[in-house]
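Chemist: Next comes structure.txt, compact mmCIF, C-alpha atoms:
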```
# COMPACT_ATOMS: atom_id res chain seq x y z
CA MET K 158 -30.95 -68.53 -12.65
CA THR K 159 -32.99 -65.41 -12.07
CA LYS K 160 -35.89 -66.07 -9.75
CA PRO K 161 -39.07 -64.20 -10.68
CA ALA K 162 -38.92 -62.69 -7.19
CA ASP K 163 -35.73 -60.86 -8.18
CA ALA K 164 -37.87 -58.54 -10.27
CA PHE K 165 -39.08 -57.03 -7.00
CA ASP K 166 -35.60 -56.13 -5.78
CA ASP K 167 -35.57 -52.93 -7.79
CA ILE K 168 -38.74 -51.57 -6.15
CA PRO K 169 -37.83 -49.16 -3.35
CA GLY K 170 -39.46 -48.90 0.07
CA THR K 171 -41.38 -52.15 -0.35
CA VAL K 172 -41.16 -55.52 1.39
CA LEU K 173 -41.97 -58.59 -0.68
CA PHE K 174 -43.75 -60.87 1.78
CA ASP K 175 -42.27 -64.09 0.44
CA GLY K 176 -41.47 -67.47 1.96
CA GLU K 177 -38.36 -66.12 3.65
CA LYS K 178 -40.33 -63.32 5.33
CA LEU K 179 -43.10 -65.75 6.24
CA ARG K 180 -40.60 -68.00 7.99
CA GLN K 181 -38.77 -65.13 9.67
CA GLY K 182 -41.98 -63.60 11.01
CA TYR K 183 -44.05 -66.73 11.56
CA GLN K 184 -44.32 -66.56 15.36
CA LEU K 185 -44.58 -62.77 15.36
CA ASN K 186 -47.47 -62.96 12.91
CA LYS K 187 -49.01 -65.83 14.82
CA PHE K 188 -49.09 -63.57 17.87
CA LEU K 189 -50.48 -60.61 15.90
CA SER K 190 -53.13 -62.80 14.28
CA SER K 191 -54.14 -64.20 17.67
CA LEU K 192 -55.55 -60.74 18.43
CA VAL K 193 -58.56 -61.46 16.23
CA GLU K 194 -59.99 -63.36 19.22
CA ALA K 195 -61.53 -61.32 22.02
CA ASP K 196 -60.20 -63.57 24.79
CA ASN K 197 -56.66 -63.22 23.49
CA ARG K 198 -56.98 -59.46 23.31
CA LYS K 199 -58.04 -59.41 26.95
CA THR K 200 -55.18 -61.65 28.05
CA PHE K 201 -52.63 -59.65 26.07
CA LYS K 202 -53.88 -56.34 27.46
CA SER K 203 -53.69 -57.59 31.04
CA ASN K 204 -50.01 -58.59 30.74
CA GLN K 205 -48.38 -57.98 27.40
CA ALA K 206 -44.91 -59.42 28.10
CA GLU K 207 -46.33 -62.56 29.63
CA TYR K 208 -48.72 -63.14 26.74
CA LEU K 209 -45.83 -62.86 24.30
CA THR K 210 -44.01 -65.76 26.00
CA LYS K 211 -46.64 -68.07 24.46
CA PHE K 212 -44.97 -67.44 21.10
CA THR K 213 -41.44 -68.56 20.33
CA MET K 214 -40.41 -65.32 18.67
CA SER K 215 -36.98 -63.68 18.94
CA GLU K 216 -36.12 -61.14 21.64
CA GLN K 217 -35.88 -58.49 18.94
CA GLN K 218 -39.39 -59.31 17.72
CA ARG K 219 -40.72 -59.25 21.28
CA ASP K 220 -39.10 -55.85 21.91
CA ALA K 221 -40.44 -54.44 18.68
CA VAL K 222 -43.97 -55.45 19.74
CA LEU K 223 -43.67 -54.03 23.25
CA LYS K 224 -42.16 -50.77 21.97
CA ARG K 225 -44.65 -50.59 19.09
CA ASP K 226 -41.68 -50.27 16.77
CA TRP K 227 -43.66 -50.58 13.52
CA PRO K 228 -40.70 -50.35 11.09
CA GLY K 229 -38.89 -52.85 13.34
CA MET K 230 -41.76 -55.34 13.19
CA LEU K 231 -41.87 -54.98 9.41
CA GLU K 232 -38.12 -55.55 9.17
CA LEU K 233 -38.37 -58.64 11.39
CA GLY K 234 -40.93 -60.39 9.22
CA GLY K 235 -44.14 -58.79 10.43
CA ASN K 236 -46.94 -58.92 7.88
CA ILE K 237 -48.69 -55.60 7.45
CA PHE K 238 -52.17 -57.12 7.69
CA CYS K 239 -51.24 -58.88 10.91
CA MET K 240 -49.84 -55.62 12.26
CA THR K 241 -53.19 -53.90 11.72
CA LYS K 242 -54.61 -56.04 14.55
CA LEU K 243 -52.19 -54.49 17.05
CA ALA K 244 -52.85 -50.97 15.77
CA ILE K 245 -56.61 -51.57 16.10
CA LEU K 246 -56.13 -52.85 19.64
CA ASP K 247 -54.13 -49.75 20.58
CA GLY K 248 -56.52 -47.41 18.78
CA THR K 249 -53.64 -46.18 16.62
CA PRO K 250 -54.84 -44.81 13.27
CA PHE K 251 -53.16 -46.74 10.51
CA GLN K 252 -52.14 -43.52 8.80
CA GLN K 253 -49.95 -42.91 11.83
CA VAL K 254 -48.24 -46.27 11.31
CA ASN K 255 -47.75 -45.38 7.64
CA ALA K 256 -46.39 -41.94 8.55
CA ILE K 257 -43.85 -43.50 10.92
CA MET K 258 -42.83 -46.13 8.36
CA SER K 259 -42.19 -43.48 5.75
CA GLY K 260 -40.40 -41.10 8.11
CA MET K 261 -43.03 -38.38 8.11
CA SER K 262 -45.06 -36.62 10.75
CA MET K 263 -48.76 -37.50 10.88
CA LYS K 264 -49.56 -33.99 9.66
CA GLU K 265 -47.18 -34.25 6.71
CA TYR K 266 -48.58 -37.66 5.82
CA GLU K 267 -52.21 -36.51 6.05
CA ASP K 268 -51.46 -33.44 3.94
CA MET K 269 -49.75 -35.61 1.35
CA MET K 270 -52.75 -37.96 1.16
CA ASN K 271 -55.24 -35.10 0.94
CA ALA K 272 -53.19 -33.63 -1.90
CA GLY K 273 -53.60 -36.86 -3.91
CA GLY K 274 -51.19 -39.28 -2.25
CA ARG K 275 -47.48 -39.95 -2.55
CA PRO K 276 -46.46 -38.98 -6.08
CA MET K 277 -45.04 -41.76 -8.24
CA GLN K 278 -42.08 -39.73 -9.42
CA GLY K 279 -38.90 -41.20 -7.99
CA ILE K 280 -40.50 -44.20 -6.24
CA ARG K 281 -40.81 -46.69 -9.09
CA SER K 282 -37.24 -47.89 -9.16
CA LYS K 283 -34.24 -47.88 -6.86
CA LYS K 284 -32.32 -46.43 -9.79
CA GLU K 285 -34.26 -43.18 -9.48
CA SER K 286 -35.00 -43.23 -5.79
CA ASN K 287 -33.39 -42.38 -2.49
CA ILE K 288 -35.98 -44.03 -0.24
CA GLY K 289 -34.25 -47.43 -0.32
CA MET Y 910 -78.25 -44.39 -14.26
CA GLN Y 911 -81.58 -45.87 -15.20
CA GLY Y 912 -82.77 -49.05 -16.79
CA VAL Y 913 -84.08 -52.47 -16.16
CA ALA Y 914 -82.58 -55.77 -15.25
CA PRO Y 915 -80.49 -56.86 -18.21
CA CYS Y 916 -81.63 -60.44 -18.20
CA ARG Y 917 -85.34 -59.77 -18.69
CA VAL Y 918 -84.61 -59.92 -22.39
CA PHE Y 919 -83.15 -63.34 -22.00
CA ASP Y 920 -86.33 -64.40 -20.26
CA GLN Y 921 -88.40 -63.31 -23.23
CA LYS Y 922 -86.17 -64.89 -25.85
CA ARG Y 923 -86.09 -68.36 -24.41
CA ASN Y 924 -87.14 -70.41 -21.46
CA ARG Y 925 -84.11 -70.08 -19.29
CA THR Y 926 -83.28 -73.26 -17.53
CA LEU Y 927 -79.64 -72.53 -16.87
CA ALA Y 928 -77.85 -70.06 -14.68
CA GLU Y 929 -76.15 -67.11 -16.30
CA ILE Y 930 -73.75 -64.36 -15.35
CA VAL Y 931 -75.67 -61.30 -16.49
CA ALA Y 932 -73.33 -58.53 -15.39
CA GLY Y 933 -70.26 -57.71 -13.36
CA LEU Y 934 -69.03 -55.01 -11.08
CA CYS Y 935 -65.76 -54.22 -9.39
CA THR Y 936 -65.09 -52.16 -6.32
CA SER Y 937 -62.41 -51.29 -3.79
CA HIS Y 938 -62.86 -52.94 -0.40
CA VAL Y 939 -61.27 -50.36 1.93
CA PRO Y 940 -62.01 -51.48 5.53
CA LEU Y 941 -62.49 -47.93 6.73
CA LEU Y 942 -65.45 -47.50 4.37
CA GLY Y 943 -67.17 -50.30 6.28
CA ARG Y 944 -66.54 -48.52 9.57
CA VAL Y 945 -67.92 -45.27 8.11
CA ILE Y 946 -71.08 -47.06 6.91
CA ASP Y 947 -71.51 -48.91 10.22
CA GLY Y 948 -71.00 -45.68 12.15
CA GLY Y 949 -73.57 -43.78 10.06
CA ARG Y 950 -70.98 -41.25 8.88
CA THR Y 951 -71.41 -41.50 5.10
CA ASP Y 952 -72.74 -37.93 4.89
CA GLU Y 953 -69.60 -36.39 6.39
CA PRO Y 954 -67.92 -34.03 3.89
CA TYR Y 955 -64.78 -36.20 3.62
CA TRP Y 956 -66.75 -39.37 2.83
CA GLN Y 957 -69.82 -38.08 1.02
CA PRO Y 958 -68.20 -37.85 -2.47
CA ILE Y 959 -67.16 -41.50 -2.21
CA PHE Y 960 -70.58 -42.81 -1.25
CA LYS Y 961 -72.18 -40.65 -3.92
CA GLY Y 962 -70.09 -42.61 -6.41
CA TYR Y 963 -71.77 -45.79 -5.20
CA GLU Y 964 -75.39 -44.58 -5.38
CA PRO Y 965 -75.81 -45.49 -9.08
CA VAL Y 966 -74.34 -48.95 -8.40
CA LYS Y 967 -76.77 -49.55 -5.54
CA LYS Y 968 -79.70 -48.41 -7.64
CA TRP Y 969 -78.63 -50.56 -10.58
CA LEU Y 970 -78.11 -53.64 -8.45
CA ALA Y 971 -81.51 -53.21 -6.80
CA GLU Y 972 -83.05 -53.26 -10.29
CA VAL Y 973 -81.06 -56.25 -11.49
CA LYS Y 974 -81.99 -58.26 -8.37
CA PRO Y 975 -79.46 -61.04 -8.81
CA ASP Y 976 -80.15 -64.42 -7.22
CA VAL Y 977 -76.47 -64.93 -6.52
CA MET Y 978 -73.36 -62.80 -6.41
CA ILE Y 979 -69.99 -64.48 -6.88
CA VAL Y 980 -67.55 -62.27 -5.01
CA ILE Y 981 -63.83 -62.47 -5.76
CA TYR Y 982 -62.00 -61.11 -2.73
CA ASN Y 983 -59.00 -61.68 -0.53
CA ASP Y 984 -58.65 -62.35 3.14
CA HIS Y 985 -56.30 -60.17 5.21
CA ALA Y 986 -55.09 -62.66 7.83
CA ASN Y 987 -58.55 -62.70 9.44
CA GLY Y 988 -60.52 -65.69 8.19
CA PHE Y 989 -57.25 -67.47 7.42
CA SER Y 990 -54.11 -67.16 9.50
CA PHE Y 991 -50.76 -67.89 7.88
CA LYS Y 992 -51.17 -71.47 9.07
CA TYR Y 993 -52.34 -72.19 5.54
CA THR Y 994 -52.66 -70.06 2.44
CA PRO Y 995 -54.90 -71.40 -0.31
CA THR Y 996 -54.19 -69.77 -3.66
CA PHE Y 997 -57.85 -70.01 -4.69
CA ALA Y 998 -60.51 -71.01 -2.17
CA ILE Y 999 -64.26 -71.27 -2.72
CA GLY Y 1000 -66.89 -70.99 -0.01
CA CYS Y 1001 -69.19 -74.00 -0.31
CA ALA Y 1002 -71.10 -73.54 2.96
CA ASP Y 1003 -74.69 -72.39 3.57
CA GLU Y 1004 -73.48 -69.29 5.37
CA PHE Y 1005 -70.39 -67.34 6.31
CA ASN Y 1006 -69.91 -65.27 9.43
CA PRO Y 1007 -68.31 -61.83 9.31
CA ALA Y 1008 -64.79 -62.12 10.75
CA ASP Y 1009 -63.45 -60.48 13.88
CA GLU Y 1010 -60.55 -58.38 12.57
CA GLY Y 1011 -59.35 -57.14 15.93
CA ALA Y 1012 -62.25 -55.04 17.19
CA GLY Y 1013 -65.11 -57.56 17.09
CA ALA Y 1014 -66.96 -58.61 13.95
CA ARG Y 1015 -68.81 -55.99 11.91
CA HIS Y 1016 -72.50 -55.79 12.76
CA VAL Y 1017 -73.65 -56.85 9.32
CA PRO Y 1018 -75.88 -59.80 8.39
CA VAL Y 1019 -74.46 -63.29 8.12
CA VAL Y 1020 -73.55 -63.90 4.47
CA PRO Y 1021 -75.83 -66.56 2.94
CA GLY Y 1022 -74.08 -69.01 0.64
CA HIS Y 1023 -75.40 -71.04 -2.28
CA ALA Y 1024 -73.88 -74.43 -1.53
CA ARG Y 1025 -75.32 -76.29 -4.51
CA LEU Y 1026 -74.05 -73.78 -7.08
CA ALA Y 1027 -70.74 -73.45 -5.22
CA TRP Y 1028 -70.17 -77.20 -5.38
CA HIS Y 1029 -71.12 -77.23 -9.05
CA ILE Y 1030 -68.66 -74.43 -9.78
CA THR Y 1031 -66.00 -76.25 -7.78
CA GLU Y 1032 -66.46 -79.43 -9.77
CA SER Y 1033 -66.40 -77.57 -13.07
CA LEU Y 1034 -63.31 -75.54 -12.08
CA VAL Y 1035 -61.36 -78.56 -10.91
CA LEU Y 1036 -62.19 -80.46 -14.11
CA ASP Y 1037 -60.98 -77.31 -15.88
CA GLN Y 1038 -57.60 -77.55 -14.08
CA PHE Y 1039 -58.31 -74.94 -11.37
CA ASP Y 1040 -57.54 -76.89 -8.20
CA MET Y 1041 -59.74 -75.05 -5.73
CA THR Y 1042 -59.54 -75.30 -1.96
CA ILE Y 1043 -63.01 -76.20 -0.70
CA MET Y 1044 -64.10 -74.17 2.32
CA ASN Y 1045 -66.95 -75.62 4.39
CA GLU Y 1046 -66.50 -73.17 7.25
CA MET Y 1047 -65.02 -69.76 6.65
CA ASP Y 1048 -65.30 -66.34 8.24
CA VAL Y 1049 -65.30 -63.54 5.69
CA ASP Y 1050 -63.51 -60.27 6.37
CA HIS Y 1051 -63.85 -56.72 5.03
CA GLY Y 1052 -62.57 -57.87 1.64
CA LEU Y 1053 -66.03 -59.37 1.11
CA THR Y 1054 -68.35 -57.57 3.53
CA VAL Y 1055 -67.33 -54.01 2.64
CA PRO Y 1056 -68.17 -54.49 -1.04
CA LEU Y 1057 -71.55 -55.95 0.00
CA SER Y 1058 -72.22 -52.88 2.15
CA LEU Y 1059 -71.09 -50.51 -0.59
CA VAL Y 1060 -73.41 -51.99 -3.21
CA CYS Y 1061 -76.31 -53.23 -1.05
CA GLY Y 1062 -76.38 -50.65 1.75
CA GLN Y 1063 -77.48 -51.73 5.20
CA PRO Y 1064 -80.27 -54.31 4.78
CA GLU Y 1065 -81.36 -56.60 7.61
CA VAL Y 1066 -80.50 -59.57 5.44
CA TRP Y 1067 -78.34 -59.49 2.30
CA PRO Y 1068 -80.59 -59.36 -0.78
CA CYS Y 1069 -79.06 -62.38 -2.52
CA LYS Y 1070 -76.90 -65.40 -1.95
CA VAL Y 1071 -73.17 -65.03 -2.14
CA ILE Y 1072 -70.42 -67.39 -3.26
CA PRO Y 1073 -67.12 -66.14 -1.87
CA ILE Y 1074 -64.01 -66.93 -3.88
CA CYS Y 1075 -60.91 -66.02 -1.92
CA VAL Y 1076 -57.64 -65.34 -3.76
CA ASN Y 1077 -54.25 -65.21 -2.07
CA VAL Y 1078 -52.86 -61.80 -2.92
CA ILE Y 1079 -51.01 -61.18 0.36
CA GLN Y 1080 -48.34 -63.90 0.38
CA TYR Y 1081 -45.80 -64.24 -2.45
CA PRO Y 1082 -46.11 -66.14 -4.76
CA GLN Y 1083 -49.53 -64.82 -5.71
CA PRO Y 1084 -51.37 -66.22 -8.74
CA THR Y 1085 -50.65 -64.24 -11.91
CA ALA Y 1086 -53.02 -61.70 -13.39
CA ALA Y 1087 -53.36 -64.04 -16.36
CA ARG Y 1088 -54.46 -66.86 -14.05
CA CYS Y 1089 -57.04 -64.64 -12.37
CA TYR Y 1090 -58.39 -63.66 -15.80
CA ALA Y 1091 -58.55 -67.31 -16.87
CA LEU Y 1092 -60.34 -68.18 -13.63
CA GLY Y 1093 -63.08 -65.74 -14.63
CA LYS Y 1094 -63.52 -67.50 -17.95
CA ALA Y 1095 -63.73 -70.87 -16.19
CA ILE Y 1096 -66.29 -69.51 -13.70
CA ARG Y 1097 -68.43 -68.27 -16.56
CA LYS Y 1098 -68.39 -71.70 -18.16
CA ALA Y 1099 -69.21 -73.32 -14.82
CA VAL Y 1100 -72.19 -71.08 -14.12
CA LYS Y 1101 -73.58 -71.60 -17.64
CA SER Y 1102 -73.85 -75.33 -17.07
CA PHE Y 1103 -75.78 -75.12 -13.80
CA ASP Y 1104 -79.29 -76.50 -14.22
CA GLU Y 1105 -81.25 -73.86 -12.41
CA ASP Y 1106 -82.54 -70.54 -13.66
CA LEU Y 1107 -80.35 -68.19 -11.65
CA LYS Y 1108 -79.35 -64.64 -12.36
CA VAL Y 1109 -75.74 -64.22 -11.31
CA VAL Y 1110 -73.65 -61.08 -10.92
CA ILE Y 1111 -69.90 -61.42 -10.54
CA VAL Y 1112 -67.99 -58.99 -8.35
CA GLY Y 1113 -64.25 -58.25 -8.35
CA THR Y 1114 -62.89 -56.46 -5.32
CA GLY Y 1115 -59.77 -54.69 -4.05
CA GLY Y 1116 -57.56 -51.83 -5.19
CA MET Y 1117 -57.18 -49.33 -6.49
CA SER Y 1118 -53.61 -48.03 -6.07
CA HIS Y 1119 -52.34 -48.08 -2.50
CA GLN Y 1120 -49.44 -49.22 -0.42
CA ILE Y 1121 -49.75 -49.39 3.34
CA HIS Y 1122 -46.28 -50.47 4.42
CA GLY Y 1123 -42.71 -49.22 4.20
CA ALA Y 1124 -41.27 -46.02 2.83
CA ARG Y 1125 -43.62 -46.01 -0.17
CA SER Y 1126 -46.68 -45.90 2.11
CA GLY Y 1127 -49.37 -43.67 0.67
CA LEU Y 1128 -48.53 -44.02 -3.01
CA ILE Y 1129 -51.37 -43.26 -5.39
CA ASN Y 1130 -51.07 -43.73 -9.14
CA GLN Y 1131 -54.05 -42.03 -10.77
CA GLU Y 1132 -52.64 -42.41 -14.25
CA PHE Y 1133 -52.29 -46.19 -13.96
CA ASP Y 1134 -55.65 -46.58 -12.21
CA ASN Y 1135 -57.51 -44.71 -14.93
CA ALA Y 1136 -55.69 -46.58 -17.68
CA PHE Y 1137 -56.59 -49.80 -15.87
CA LEU Y 1138 -60.28 -48.86 -15.93
CA ASP Y 1139 -60.02 -48.11 -19.66
CA LYS Y 1140 -58.25 -51.33 -20.50
CA LEU Y 1141 -60.45 -53.43 -18.23
CA THR Y 1142 -63.22 -52.44 -20.60
CA THR Y 1143 -61.49 -52.63 -23.97
CA SER Y 1144 -58.41 -54.83 -23.68
CA PRO Y 1145 -58.34 -56.89 -20.49
CA ALA Y 1146 -56.02 -59.49 -22.05
CA GLU Y 1147 -53.36 -56.79 -22.07
CA LEU Y 1148 -53.80 -56.23 -18.31
CA ALA Y 1149 -53.57 -59.98 -17.80
CA GLN Y 1150 -50.06 -59.95 -19.27
CA ILE Y 1151 -48.67 -57.51 -16.69
CA SER Y 1152 -46.40 -59.21 -14.16
CA HIS Y 1153 -46.95 -59.12 -10.43
CA ALA Y 1154 -43.76 -57.12 -9.96
CA GLU Y 1155 -45.03 -54.45 -12.36
CA TYR Y 1156 -48.36 -54.26 -10.56
CA VAL Y 1157 -46.50 -53.84 -7.26
CA ARG Y 1158 -44.31 -51.14 -8.80
CA GLU Y 1159 -47.23 -49.19 -10.29
CA VAL Y 1160 -50.09 -49.61 -7.82
CA GLY Y 1161 -48.32 -50.68 -4.63
CA ALA Y 1162 -47.74 -54.00 -2.92
CA GLU Y 1163 -51.27 -53.95 -1.51
CA GLY Y 1164 -52.87 -52.32 -4.57
CA ALA Y 1165 -51.63 -55.25 -6.66
CA GLU Y 1166 -54.76 -57.08 -5.46
CA ILE Y 1167 -56.46 -55.30 -8.38
CA ILE Y 1168 -55.70 -58.47 -10.39
CA MET Y 1169 -58.91 -59.84 -8.83
CA TRP Y 1170 -60.86 -57.44 -11.06
CA LEU Y 1171 -59.65 -59.49 -14.01
CA THR Y 1172 -61.57 -62.51 -12.74
CA MET Y 1173 -64.77 -60.49 -12.98
CA ARG Y 1174 -63.78 -59.37 -16.48
CA GLY Y 1175 -62.95 -62.88 -17.63
CA ALA Y 1176 -66.47 -63.97 -16.74
CA LEU Y 1177 -68.02 -61.49 -19.19
CA ASP Y 1178 -67.96 -61.34 -23.00
CA ASP Y 1179 -65.06 -59.70 -24.83
CA GLU Y 1180 -67.43 -56.90 -25.81
CA VAL Y 1181 -68.98 -55.10 -22.86
CA ASP Y 1182 -70.85 -51.90 -22.15
CA VAL Y 1183 -69.80 -49.84 -19.15
CA LEU Y 1184 -72.85 -48.69 -17.22
CA HIS Y 1185 -71.06 -46.77 -14.50
CA ARG Y 1186 -67.51 -45.88 -13.59
CA PHE Y 1187 -66.18 -43.99 -10.60
CA TYR Y 1188 -62.78 -43.02 -9.29
CA HIS Y 1189 -61.86 -40.98 -6.24
CA VAL Y 1190 -58.69 -40.03 -4.36
CA PRO Y 1191 -58.20 -40.47 -1.47
CA ALA Y 1192 -59.99 -42.63 1.07
CA MET Y 1193 -57.33 -42.18 3.74
CA ASN Y 1194 -54.54 -44.37 2.24
CA THR Y 1195 -56.26 -45.59 -0.86
CA ALA Y 1196 -57.59 -44.69 -4.28
CA VAL Y 1197 -61.21 -45.87 -4.52
CA GLY Y 1198 -62.92 -46.99 -7.68
CA ASN Y 1199 -65.84 -48.93 -9.01
CA ILE Y 1200 -67.07 -50.03 -12.42
CA VAL Y 1201 -70.25 -51.74 -13.59
CA MET Y 1202 -70.42 -53.56 -16.91
CA GLN Y 1203 -72.55 -56.00 -18.81
CA ASN Y 1204 -72.18 -57.95 -22.01
CA ALA Y 1205 -72.69 -55.73 -25.06
CA LYS Y 1206 -75.18 -58.20 -26.49
CA SER Y 1207 -77.44 -57.80 -23.48
CA GLN Y 1208 -80.24 -55.30 -23.39
CA LYS Y 1209 -78.87 -51.75 -23.43
CA ILE Y 1210 -79.12 -49.76 -20.27
CA THR Y 1211 -78.69 -46.01 -20.32
CA ALA Y 1212 -75.98 -45.02 -17.91
```
Show me the file's structure as structure tokens.
Modeler:
Amino acid sequence: MTKPADAFDDIPGTVLFDGEKLRQGYQLNKFLSSLVEADNRKTFKSNQAEYLTKFTMSEQQRDAVLKRDWPGMLELGGNIFCMTKLAILDGTPFQQVNAIMSGMSMKEYEDMMNAGGRPMQGIRSKKESNIG
Amino acid sequence: MQGVAPCRVFDQKRNRTLAEIVAGLCTSHVPLLGRVIDGGRTDEPYWQPIFKGYEPVKKWLAEVKPDVMIVIYNDHANGFSFKYTPTFAIGCADEFNPADEGAGARHVPVVPGHARLAWHITESLVLDQFDMTIMNEMDVDHGLTVPLSLVCGQPEVWPCKVIPICVNVIQYPQPTAARCYALGKAIRKAVKSFDEDLKVVIVGTGGMSHQIHGARSGLINQEFDNAFLDKLTTSPAELAQISHAEYVREVGAEGAEIIMWLTMRGALDDEVDVLHRFYHVPAMNTAVGNIVMQNAKSQKITA
């Protein structure tokens, strides 16, 4: 049987945040979401590694957080809206996160956006794309 | 755009005793636009063209003076964590606090609810097979407060009551576009049977094309966005038939939230007049748009 979700498999450079991703990233996202509370932000900032021990996430997920490995967090089940909390805390512009995720420099990414955004040609389907 | 409140005609024709959705508008809810408004930077050259595109909406809304706005929006893991994900949730409280999204809550007024109408809508929707999650406490994030700022400016208190309806568009499986459209029709029916003379405006939020994760970050699809604005006016049922995967493909995984505009559209007549329409690229990562429409049978307003 073809699951409706299979229809997404052909779309390149896109993560479908489905139940599998939710389960994979649950503790990672629970940590990221905890940063919407001021007290938690303070505790995390004072000792990041120690704060992360409150969440039963994998070593890989912990490393990705500490290294601010944005593509890594995404790969390991991080939800993009949860990840914005960490970027906000660090004062990292989200365009920078997007530039890193798409393998561009900040300047290249900004120029692309100012010129009207990433063109649709070649990014609709994996059949016509090389961005995976 | 000039004109008068569309429902004054209704007032003259009959003694209104029931609530009515008199018009609808849709707008993007880009969080950065809220920060620009809050920081008093709307006149900066990069932002000015965007806010100019909202001036006619603000002026129109100030003339319409709705009693209530029903705002269809989504939360971005702020008011809700992933601990639970209601597909459709309705705010039934007397007020809703702006959410802390990681840098402290926005300094905007508390959002006043309309509990009695919200409960009435809930009852009507559930009897109509829409099994709503009832929210008696809920913080509202930029998905709701940025649209309010864009169309109401920076008042000390919001000019009308607000019923937030939160749609899950961030966790697969999302409701279909068709379901969002049908929800609009059910909301319209619900409002019509409320026994108080209330002027209601319905607001769809989100979009337009954008993706903010992965290798497709930064995609903008002007062709699809503009066709969407056309069809939202003339043939919304067609837009309701598009699958979630196709929305993701064409307007990005995050831009697919545009299905919430169909709830606004479902709450209006099949025939509508467009009073204002605006589209701009880019606002950092996002295409920004808005549209204002009212039922064609209502009093004409010159756009």
Chemist: Only residues of chain Y matter here; which ones have an atom within 10 Å of chain K, counting all atoms listed in the file? Give them as a PyMOL selection string.
Modeler: chain Y and resi 955+984-992+1008-1014+1079-1083+1118-1132+1152-1155+1157-1163+1189-1196
Chemist: Y:Pro958: which residues within 12 Å, counting all atoms listed in the file, same-chain residues fewer than 4 positions away excluded, as a compact mmCIF listing (two decimals) with C-alpha atoms, in the frame of the given file?
Modeler:
```
# COMPACT_ATOMS: atom_id res chain seq x y z
CA THR Y 951 -71.41 -41.50 5.10
CA ASP Y 952 -72.74 -37.93 4.89
CA GLU Y 953 -69.60 -36.39 6.39
CA PRO Y 954 -67.92 -34.03 3.89
CA GLY Y 962 -70.09 -42.61 -6.41
CA TYR Y 963 -71.77 -45.79 -5.20
CA GLU Y 964 -75.39 -44.58 -5.38
CA PHE Y 1187 -66.18 -43.99 -10.60
CA TYR Y 1188 -62.78 -43.02 -9.29
CA HIS Y 1189 -61.86 -40.98 -6.24
CA VAL Y 1190 -58.69 -40.03 -4.36
CA PRO Y 1191 -58.20 -40.47 -1.47
CA ALA Y 1192 -59.99 -42.63 1.07
CA VAL Y 1197 -61.21 -45.87 -4.52
CA GLY Y 1198 -62.92 -46.99 -7.68
```
Chemist: I want to know what sits within 9 Å of stretch 1030-1044 of chain Y, based on all atoms listed in the file, with residues of the same chain fewer than 5 positions away left out; could you give that as a short mmCIF file (atom, residue, chain, number, x, y, z; two decimals) with C-alpha atoms, keeping the file's coordinate frame?
Modeler:
```
data_model
loop_
_atom_site.label_atom_id
_atom_site.label_comp_id
_atom_site.auth_asym_id
_atom_site.auth_seq_id
_atom_site.Cartn_x
_atom_site.Cartn_y
_atom_site.Cartn_z
CA PRO Y 995 -54.90 -71.40 -0.31
CA THR Y 996 -54.19 -69.77 -3.66
CA PHE Y 997 -57.85 -70.01 -4.69
CA ALA Y 998 -60.51 -71.01 -2.17
CA ILE Y 999 -64.26 -71.27 -2.72
CA GLY Y 1000 -66.89 -70.99 -0.01
CA CYS Y 1001 -69.19 -74.00 -0.31
CA ALA Y 1002 -71.10 -73.54 2.96
CA ARG Y 1025 -75.32 -76.29 -4.51
CA LEU Y 1092 -60.34 -68.18 -13.63
CA ALA Y 1095 -63.73 -70.87 -16.19
CA ILE Y 1096 -66.29 -69.51 -13.70
CA LYS Y 1098 -68.39 -71.70 -18.16
CA ALA Y 1099 -69.21 -73.32 -14.82
CA VAL Y 1100 -72.19 -71.08 -14.12
CA SER Y 1102 -73.85 -75.33 -17.07
CA PHE Y 1103 -75.78 -75.12 -13.80
#
```
Chemist: Tell me, as a ChimeraX atom specification, which residues lie within 7 Å of Y:Asn1006, counting all atoms listed in the file; anything in the same chain fewer than 3 positions away does not count.
Modeler: /Y:1019-1020,1048-1049
Chemist: Determine the nearest neighbour of K:Lys211 from the options K:Asn197, K:Lys224, K:Ser286, K:Pro250, counting all atoms listed in the file.
Modeler: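 Distance minimum relative to K:Lys211 lands on K:Asn197.
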Chemist: In Å, with one decimal, what is the gap from atom CA of K:Ala221 to atom CA of Y:Thr994?
Modeler: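 Atom-to-atom, atom CA of K:Ala221 to atom CA of Y:Thr994, that is 25.6 Å.
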Chemist: Can you work out the spacing between atom CA of Y:Asn1135 and atom CA of Y:Trp969 in Å, to one decimal?
Modeler: 22.3 Å
Chemist: Pick from Y:Gly1115, Y:Gly1052, Y:Gly943, Y:Gly1164: nearest to Y:Arg1015, with only C-alpha atoms counted?
Modeler: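 Closest candidate: Y:Gly943.
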Chemist: Work out how far apart atom CA of Y:Pro1007 and atom CA of Y:Glu1105 are and give it in Å to one decimal.
Modeler: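 Atom CA of Y:Glu1105 lies 28.0 Å from atom CA of Y:Pro1007.
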Chemist: Find the smallest box with edges along x, y and z containing every listed atom of stretch 1016-1024 of chain Y, then add 5 Å on each side and report centre and edge lengths in Å to one decimal, as AutoDock Vina command-line options.
Modeler:
```
--center_x -74.2 --center_y -65.1 --center_z 5.2 --size_x 13.4 --size_y 28.6 --size_z 25.0
```
